[in-house]
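Input: a single structure, listed below in structure tokens.
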Protein chains: 2
Amino acid sequence: MTTEAASSILTIDLDAVADNWRRLRDAAAPAVCAAVVKADAYGLGIDKVAPALADVGCALFFVATLDEGLRLRALLPQVDVAVLGGLLPGTAPIFLRDRLIPVLNDLGQVERWRGECAKTGQAGAAILHIDTGMNRLGLDPREAERLALDATLLDGLDIRYVMTHMACADTPSDPLNEIQLARFKAALAALPGLKGSLAASSAIFLGRDCHFDLVRPGAALYGINPTPGKPNPMRQTVRLEGRVLQVRYVDSGEAVGYGASRRFDRPGKIATIATGYADGYLRSLSNGSLAHLAGHRVPMMGRVSMDLLTFDVTDLPEGLVIPGGLVELLGEQYTPDDAARDAGTIGYEILTSLGQRYARRYIGAGA
Amino acid sequence: MTTEAASSILTIDLDAVADNWRRLRDAAAPAVCAAVVKADAYGLGIDKVAPALADVGCALFFVATLDEGLRLRALLPQVDVAVLGGLLPGTAPIFLRDRLIPVLNDLGQVERWRGECAKTGQAGAAILHIDTGMNRLGLDPREAERLALDATLLDGLDIRYVMTHMACADTPSDPLNEIQLARFKAALAALPGLKGSLAASSAIFLGRDCHFDLVRPGAALYGINPTPGKPNPMRQTVRLEGRVLQVRYVDSGEAVGYGASRRFDRPGKIATIATGYADGYLRSLSNGSLAHLAGHRVPMMGRVSMDLLTFDVTDLPEGLVIPGGLVELLGEQYTPDDAARDAGTIGYEILTSLGQRYARRYIGAGA
């Protein structure tokens, strides 16, 4: 299907992604800057995004699952690939074979990795994850203490970094940030000679104290504001356009869409767009989002359907919206962060929900 | 990646889908029963679902977009395929070439299809969509009236059905149902000799009056309850299992996950699962869903992360939940409808959000 006939078109600007990486790298220097490309590069497409980032100098990538690691290894044979999900039973030989770096989340994984590496005589590269307050993944305080008392537990391993992850980095005033930072410093001090990594996107902007030796931006690479409440220092990377299927006149008193959730109190005009929640346009945006057409804002009216959206175009100049034309659903004028606000979620989910039914168009270097 | 090492496993029961289609066919007989397989068969995978339905006798399929129509045509050369999105400018030759049936949503599309078919001398098969109150797609009342006054507007077309779509069929008491039914009967009466189709899943259960000549179930095929508030007459079709990455002890007073949104008021135990909102496990399920393990219910604790879920397994018998094991996230015990209730949405969105990162396992005939 050519983009000319596609129902919806998702344009991804690889230059903007690369530019965002450079900005984050510069903001965090002299710390090393990795890139988090899990979840198909937050929905933008790892096949295009990771090579574009490697081209501008990124040499360490984080993914969530072993599957994602294998896919990235096939794409980029030379870069370092770390798998955040850790070392599940039975997977160590695959990590070794494909030179993937496990993020070791508990002492059982540490032991498993040591055992596997010992068999082959290799010094197994790894990242050690110490939990400091997320209580999600990583060594718990008791395990971290055991490690501090017996550093030989890491013998034979090439621990590239000790990492932790913050729960509230997007809220600088949250007291948990200081607590996690202090806990992490204490954990690092107990493991002398090892490098540290704490900051994902938002924590990069919490100050030098949070940078340590490596930063791991994800969302900010893709244009999500890492500093909520302040101007967004990142460039937008995606533009979503939906095809107009029909423009219809609606009588006063008539309802629009499922559940007849919204009625016209005057004669109106509706544009029906070929995009819906099956495309990841969250149903929670029902009656609550905006589209843009030639600089005009048009409000959604009615519920988000599986494959269709309805916008109130009553006030648009005649002839501007026509069947076969496009409206902008996400972009500079209505960003993923804006949609997230209207949907009651975070921009991350808007991006990772970007569906598979769009015609995808990559622009910029490497497209 | 084998399912043994996969992060999450989605099992799709093709026998259940086929069985649901048979039940709906029997409930609607003598009306013909089609199948709606848009949005990748509501997330279950059109490549497997459509052939399984064709095997049990379904001969007419509905998709949303031309792209989906082309994919289905390549899968099943012999069945009828109708495209709900209609006939966008420039697409008529593709419809003709691949014997796709356009759903004609306005008189402009009627004229376009007549013009294209006239060029080739073929009687163009089509379904005519008359809007009766959704105000989303279909001929509006003025257009329907023009057609009623001048049936020659359809000359040269093979109108298989005249269809409409209900806004509130899942709420039998909604007065809009009677209004739409009456409007549709009037529209049909004005187009003598043409067959009618009104019912999607829920309307099949509103009674014979709604069946007309063709029913078009979608959601019910996939196990969504077409009769909300009453026992579900359909079989569940999906089972989603998430891999346990880690089991951790958490001190009293500690919080779990992003935003530290939930704290333990006693020492607790958390199981972290390799599934997240990037897999379509909606973030609005944060702190609000259930998983099941060996018949035990475990509540979610904390926010849904992009790649991770955290469940409170404090009260589970020791040794039941182990890293590398699986918990059931969706299935007989916690259905897509249950998840929809907890997420504040509808089961349809739970299904269409089923992500691409799962290992997919098909069971039943045709798997």
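Starting from 1 in every chain, residues are counted up; chains themselves are A, B, ... following the order of the structure tokens, and ligands are numbered from 1 as listed.
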- [ ] Would you list the contacts of Ile159 (chain B) as a list in words, taking every protein, DNA or RNA residue within 7 Å and counting only C-alpha atoms, but skipping same-chain residues closer than 5 positions in sequence?
- [x]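 Close residues of Ile159 (chain B): Ala125, Ala126, Ile127 and Leu128 of chain B.
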Open item on the list: Need the shell around Arg361 (chain B): protein/DNA/RNA residues with any atom at most 12 Å away, counting only C-alpha atoms. Skip same-chain ones fewer than 5 positions apart. Format as a ChimeraX atom specification?
Closed with: /B:2-4,6,8-14,44-45,48,237-241,366-367
Requested write-out: N, CA and C atoms of the selected residues, as a PDB file, in the first residue's frame:
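File produced: part29.pdb:
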ATOM      1  N   THR B   2      11.686 -19.501  21.340  1.00  0.00           N
ATOM      2  CA  THR B   2      10.695 -20.519  21.687  1.00  0.00           C
ATOM      3  C   THR B   2       9.792 -19.959  22.784  1.00  0.00           C
ATOM      4  N   THR B   3       8.602 -20.541  22.903  1.00  0.00           N
ATOM      5  CA  THR B   3       7.718 -20.077  23.972  1.00  0.00           C
ATOM      6  C   THR B   3       8.325 -20.354  25.340  1.00  0.00           C
ATOM      7  N   GLU B   4       9.222 -21.330  25.443  1.00  0.00           N
ATOM      8  CA  GLU B   4       9.836 -21.647  26.739  1.00  0.00           C
ATOM      9  C   GLU B   4      10.595 -20.462  27.311  1.00  0.00           C
ATOM     10  N   ALA B   6      10.136 -17.190  26.122  1.00  0.00           N
ATOM     11  CA  ALA B   6       9.471 -15.926  25.791  1.00  0.00           C
ATOM     12  C   ALA B   6       9.036 -15.195  27.057  1.00  0.00           C
ATOM     13  N   SER B   8       6.309 -13.293  27.452  1.00  0.00           N
ATOM     14  CA  SER B   8       4.878 -13.481  27.665  1.00  0.00           C
ATOM     15  C   SER B   8       4.362 -14.346  26.535  1.00  0.00           C
ATOM     16  N   ILE B   9       3.325 -15.080  26.833  1.00  0.00           N
ATOM     17  CA  ILE B   9       2.785 -16.014  25.846  1.00  0.00           C
ATOM     18  C   ILE B   9       1.291 -15.756  25.677  1.00  0.00           C
ATOM     19  N   LEU B  10       0.879 -15.535  24.446  1.00  0.00           N
ATOM     20  CA  LEU B  10      -0.526 -15.349  24.135  1.00  0.00           C
ATOM     21  C   LEU B  10      -1.018 -16.596  23.403  1.00  0.00           C
ATOM     22  N   THR B  11      -1.960 -17.281  24.016  1.00  0.00           N
ATOM     23  CA  THR B  11      -2.516 -18.486  23.409  1.00  0.00           C
ATOM     24  C   THR B  11      -3.900 -18.162  22.858  1.00  0.00           C
ATOM     25  N   ILE B  12      -4.118 -18.494  21.599  1.00  0.00           N
ATOM     26  CA  ILE B  12      -5.370 -18.173  20.928  1.00  0.00           C
ATOM     27  C   ILE B  12      -6.028 -19.469  20.492  1.00  0.00           C
ATOM     28  N   ASP B  13      -7.260 -19.653  20.936  1.00  0.00           N
ATOM     29  CA  ASP B  13      -7.975 -20.906  20.713  1.00  0.00           C
ATOM     30  C   ASP B  13      -8.876 -20.770  19.480  1.00  0.00           C
ATOM     31  N   LEU B  14      -8.401 -21.297  18.365  1.00  0.00           N
ATOM     32  CA  LEU B  14      -9.160 -21.175  17.115  1.00  0.00           C
ATOM     33  C   LEU B  14     -10.444 -21.993  17.150  1.00  0.00           C
ATOM     34  N   LEU B  44      -6.335 -10.851  17.368  1.00  0.00           N
ATOM     35  CA  LEU B  44      -6.035 -12.280  17.505  1.00  0.00           C
ATOM     36  C   LEU B  44      -5.197 -12.820  16.345  1.00  0.00           C
ATOM     37  N   GLY B  45      -5.150 -12.074  15.219  1.00  0.00           N
ATOM     38  CA  GLY B  45      -4.344 -12.523  14.092  1.00  0.00           C
ATOM     39  C   GLY B  45      -5.202 -13.009  12.939  1.00  0.00           C
ATOM     40  N   LYS B  48      -4.580 -16.437  10.944  1.00  0.00           N
ATOM     41  CA  LYS B  48      -5.043 -17.720  11.474  1.00  0.00           C
ATOM     42  C   LYS B  48      -6.561 -17.743  11.642  1.00  0.00           C
ATOM     43  N   THR B 237     -11.493 -16.908  24.140  1.00  0.00           N
ATOM     44  CA  THR B 237     -10.623 -17.323  23.029  1.00  0.00           C
ATOM     45  C   THR B 237      -9.144 -17.052  23.291  1.00  0.00           C
ATOM     46  N   VAL B 238      -8.845 -16.218  24.285  1.00  0.00           N
ATOM     47  CA  VAL B 238      -7.427 -15.878  24.504  1.00  0.00           C
ATOM     48  C   VAL B 238      -6.994 -16.165  25.933  1.00  0.00           C
ATOM     49  N   ARG B 239      -5.734 -16.496  26.053  1.00  0.00           N
ATOM     50  CA  ARG B 239      -5.109 -16.665  27.357  1.00  0.00           C
ATOM     51  C   ARG B 239      -3.746 -15.998  27.276  1.00  0.00           C
ATOM     52  N   LEU B 240      -3.518 -15.076  28.199  1.00  0.00           N
ATOM     53  CA  LEU B 240      -2.239 -14.359  28.205  1.00  0.00           C
ATOM     54  C   LEU B 240      -1.502 -14.709  29.479  1.00  0.00           C
ATOM     55  N   GLU B 241      -0.290 -15.209  29.322  1.00  0.00           N
ATOM     56  CA  GLU B 241       0.540 -15.547  30.476  1.00  0.00           C
ATOM     57  C   GLU B 241       1.806 -14.706  30.451  1.00  0.00           C
ATOM     58  N   GLY B 366      -6.668 -25.871  12.591  1.00  0.00           N
ATOM     59  CA  GLY B 366      -6.081 -24.818  11.773  1.00  0.00           C
ATOM     60  C   GLY B 366      -4.883 -24.149  12.408  1.00  0.00           C
ATOM     61  N   ALA B 367      -4.532 -24.567  13.641  1.00  0.00           N
ATOM     62  CA  ALA B 367      -3.408 -23.907  14.334  1.00  0.00           C
ATOM     63  C   ALA B 367      -2.084 -24.279  13.665  1.00  0.00           C
TER      64      ALA B 367
END
Open item on the list: I need the contact residues of chain A against chain B, so if you could list those with any atom within 6 Å, counting only C-alpha atoms, and return them as a VMD selection string, that would help.
Closed with: chain A and resid 39 88 134 to 135 167 to 168 256 to 259 278 324 352
Open item on the list: Taking the DSSP secondary structure from the backbone, can you list the residues of region 80-274 of chain A that are strand (DSSP E), as number ranges by chain?
Closed with: A: 80-83, 100-104, 124-129, 157-163, 196-197, 214-215, 238-250, 268-273
Open item on the list: With only C-alpha atoms as the counted atoms, please give the residues lying no more than 9 Å from Ala220 (chain B), apart from itself and same-chain residues fewer than 5 positions off, as a list in words.
Closed with: Val17, Asn20, Trp21, Leu24, Ala200, Ser201, Ser202, Asn225, Pro226, Pro233, Met234 and Arg235 of chain B
Find the residues near Val32 (chain A): any atom within 12 Å, counting only C-alpha atoms, skip ones fewer than 3 places away on the same chain, and give them as an mmCIF file with N, CA, C and O atoms, in the first residue's frame.
data_model
loop_
_atom_site.group_PDB
_atom_site.id
_atom_site.type_symbol
_atom_site.label_atom_id
_atom_site.label_comp_id
_atom_site.auth_asym_id
_atom_site.auth_seq_id
_atom_site.Cartn_x
_atom_site.Cartn_y
_atom_site.Cartn_z
ATOM 1 N N TRP A 21 19.361 12.639 20.894
ATOM 2 C CA TRP A 21 20.428 11.877 21.549
ATOM 3 C C TRP A 21 21.663 12.753 21.777
ATOM 4 O O TRP A 21 22.251 12.744 22.842
ATOM 5 N N ARG A 22 22.012 13.554 20.758
ATOM 6 C CA ARG A 22 23.175 14.431 20.903
ATOM 7 C C ARG A 22 22.968 15.437 22.044
ATOM 8 O O ARG A 22 23.873 15.708 22.815
ATOM 9 N N LEU A 24 21.137 15.086 24.687
ATOM 10 C CA LEU A 24 21.211 14.384 25.971
ATOM 11 C C LEU A 24 22.657 14.004 26.282
ATOM 12 O O LEU A 24 23.108 14.116 27.425
ATOM 13 N N ARG A 25 23.357 13.563 25.255
ATOM 14 C CA ARG A 25 24.786 13.246 25.426
ATOM 15 C C ARG A 25 25.534 14.475 25.927
ATOM 16 O O ARG A 25 26.312 14.397 26.882
ATOM 17 N N ASP A 26 25.298 15.627 25.310
ATOM 18 C CA ASP A 26 25.991 16.841 25.705
ATOM 19 C C ASP A 26 25.581 17.273 27.113
ATOM 20 O O ASP A 26 26.412 17.757 27.881
ATOM 21 N N ALA A 27 24.310 17.089 27.436
ATOM 22 C CA ALA A 27 23.834 17.495 28.764
ATOM 23 C C ALA A 27 24.457 16.632 29.857
ATOM 24 O O ALA A 27 24.637 17.095 30.989
ATOM 25 N N ALA A 28 24.789 15.404 29.518
ATOM 26 C CA ALA A 28 25.269 14.469 30.535
ATOM 27 C C ALA A 28 26.789 14.322 30.538
ATOM 28 O O ALA A 28 27.342 13.723 31.469
ATOM 29 N N ALA A 29 27.470 14.841 29.499
ATOM 30 C CA ALA A 29 28.925 14.661 29.413
ATOM 31 C C ALA A 29 29.578 15.191 30.697
ATOM 32 O O ALA A 29 29.097 16.172 31.249
ATOM 33 N N ALA A 35 21.367 4.485 24.896
ATOM 34 C CA ALA A 35 20.016 4.733 24.365
ATOM 35 C C ALA A 35 19.133 3.552 24.725
ATOM 36 O O ALA A 35 19.533 2.396 24.558
ATOM 37 N N GLY A 57 26.914 7.824 17.017
ATOM 38 C CA GLY A 57 27.910 7.550 18.050
ATOM 39 C C GLY A 57 27.432 6.759 19.248
ATOM 40 O O GLY A 57 28.228 6.469 20.151
ATOM 41 N N CYS A 58 26.159 6.408 19.299
ATOM 42 C CA CYS A 58 25.696 5.633 20.440
ATOM 43 C C CYS A 58 26.253 4.202 20.332
ATOM 44 O O CYS A 58 26.138 3.561 19.287
ATOM 45 N N ALA A 59 26.833 3.719 21.416
ATOM 46 C CA ALA A 59 27.503 2.414 21.373
ATOM 47 C C ALA A 59 26.934 1.415 22.372
ATOM 48 O O ALA A 59 27.352 0.268 22.405
ATOM 49 N N LEU A 60 25.990 1.865 23.198
ATOM 50 C CA LEU A 60 25.381 0.962 24.184
ATOM 51 C C LEU A 60 23.865 1.157 24.157
ATOM 52 O O LEU A 60 23.370 2.277 24.302
ATOM 53 N N PHE A 61 23.160 0.064 23.953
ATOM 54 C CA PHE A 61 21.702 0.104 23.828
ATOM 55 C C PHE A 61 21.069 -0.783 24.896
ATOM 56 O O PHE A 61 21.576 -1.866 25.185
ATOM 57 N N ARG A 160 30.229 -3.974 33.942
ATOM 58 C CA ARG A 160 30.418 -2.698 33.217
ATOM 59 C C ARG A 160 29.875 -1.518 34.019
ATOM 60 O O ARG A 160 30.482 -0.461 34.057
ATOM 61 N N TYR A 161 28.722 -1.710 34.591
ATOM 62 C CA TYR A 161 28.112 -0.647 35.407
ATOM 63 C C TYR A 161 27.288 -1.271 36.517
ATOM 64 O O TYR A 161 26.797 -2.398 36.377
ATOM 65 N N LYS A 195 31.652 1.375 38.164
ATOM 66 C CA LYS A 195 31.018 2.578 37.628
ATOM 67 C C LYS A 195 29.517 2.541 37.897
ATOM 68 O O LYS A 195 28.919 1.472 37.981
ATOM 69 N N GLY A 196 28.920 3.735 37.954
ATOM 70 C CA GLY A 196 27.505 3.819 38.296
ATOM 71 C C GLY A 196 26.646 4.391 37.178
ATOM 72 O O GLY A 196 27.114 5.135 36.320
ATOM 73 N N SER A 197 25.358 4.036 37.220
ATOM 74 C CA SER A 197 24.374 4.581 36.282
ATOM 75 C C SER A 197 23.023 4.676 36.971
ATOM 76 O O SER A 197 22.483 3.662 37.415
ATOM 77 N N LEU A 198 22.527 5.890 37.081
ATOM 78 C CA LEU A 198 21.230 6.091 37.736
ATOM 79 C C LEU A 198 20.198 6.714 36.811
ATOM 80 O O LEU A 198 19.016 6.382 36.877
ATOM 81 N N ALA A 199 20.620 7.628 35.932
ATOM 82 C CA ALA A 199 19.656 8.504 35.266
ATOM 83 C C ALA A 199 19.075 7.920 33.992
ATOM 84 O O ALA A 199 19.792 7.538 33.077
ATOM 85 N N ILE A 204 18.402 12.923 34.087
ATOM 86 C CA ILE A 204 19.501 13.672 33.462
ATOM 87 C C ILE A 204 19.365 15.153 33.792
ATOM 88 O O ILE A 204 20.351 15.873 33.953
ATOM 89 N N HIS A 211 24.255 12.049 37.312
ATOM 90 C CA HIS A 211 24.762 11.513 36.043
ATOM 91 C C HIS A 211 25.657 10.290 36.215
ATOM 92 O O HIS A 211 25.656 9.402 35.358
ATOM 93 N N PHE A 212 26.477 10.272 37.272
ATOM 94 C CA PHE A 212 27.442 9.177 37.470
ATOM 95 C C PHE A 212 28.209 8.924 36.159
ATOM 96 O O PHE A 212 28.595 9.880 35.480
ATOM 97 N N ASP A 213 28.363 7.650 35.773
ATOM 98 C CA ASP A 213 29.235 7.347 34.633
ATOM 99 C C ASP A 213 28.480 7.069 33.340
ATOM 100 O O ASP A 213 29.076 7.036 32.265
ATOM 101 N N LEU A 214 27.186 6.843 33.471
ATOM 102 C CA LEU A 214 26.389 6.461 32.295
ATOM 103 C C LEU A 214 24.960 6.943 32.493
ATOM 104 O O LEU A 214 24.388 6.742 33.566
ATOM 105 N N VAL A 215 24.397 7.555 31.446
ATOM 106 C CA VAL A 215 22.964 7.874 31.485
ATOM 107 C C VAL A 215 22.246 7.035 30.437
ATOM 108 O O VAL A 215 22.843 6.604 29.445
ATOM 109 N N ARG A 216 20.946 6.798 30.694
ATOM 110 C CA ARG A 216 20.191 5.837 29.873
ATOM 111 C C ARG A 216 18.863 6.442 29.413
ATOM 112 O O ARG A 216 17.791 5.993 29.809
ATOM 113 N N PRO A 217 18.917 7.465 28.561
ATOM 114 C CA PRO A 217 17.643 8.066 28.138
ATOM 115 C C PRO A 217 16.844 7.159 27.210
ATOM 116 O O PRO A 217 17.415 6.445 26.397
#
Task: Length of the CA of Pro228 (chain B) to CA of Ala50 (chain B) vector [Å] - done: 25.8 Å
Open item on the list: Can you tell me which residues surround Gly253 (chain A) at a distance of at most 8 Å, considering only C-alpha atoms, apart from same-chain residues fewer than 3 positions away, and format the answer as a PyMOL selection string?
Closed with: chain A and resi 263-266
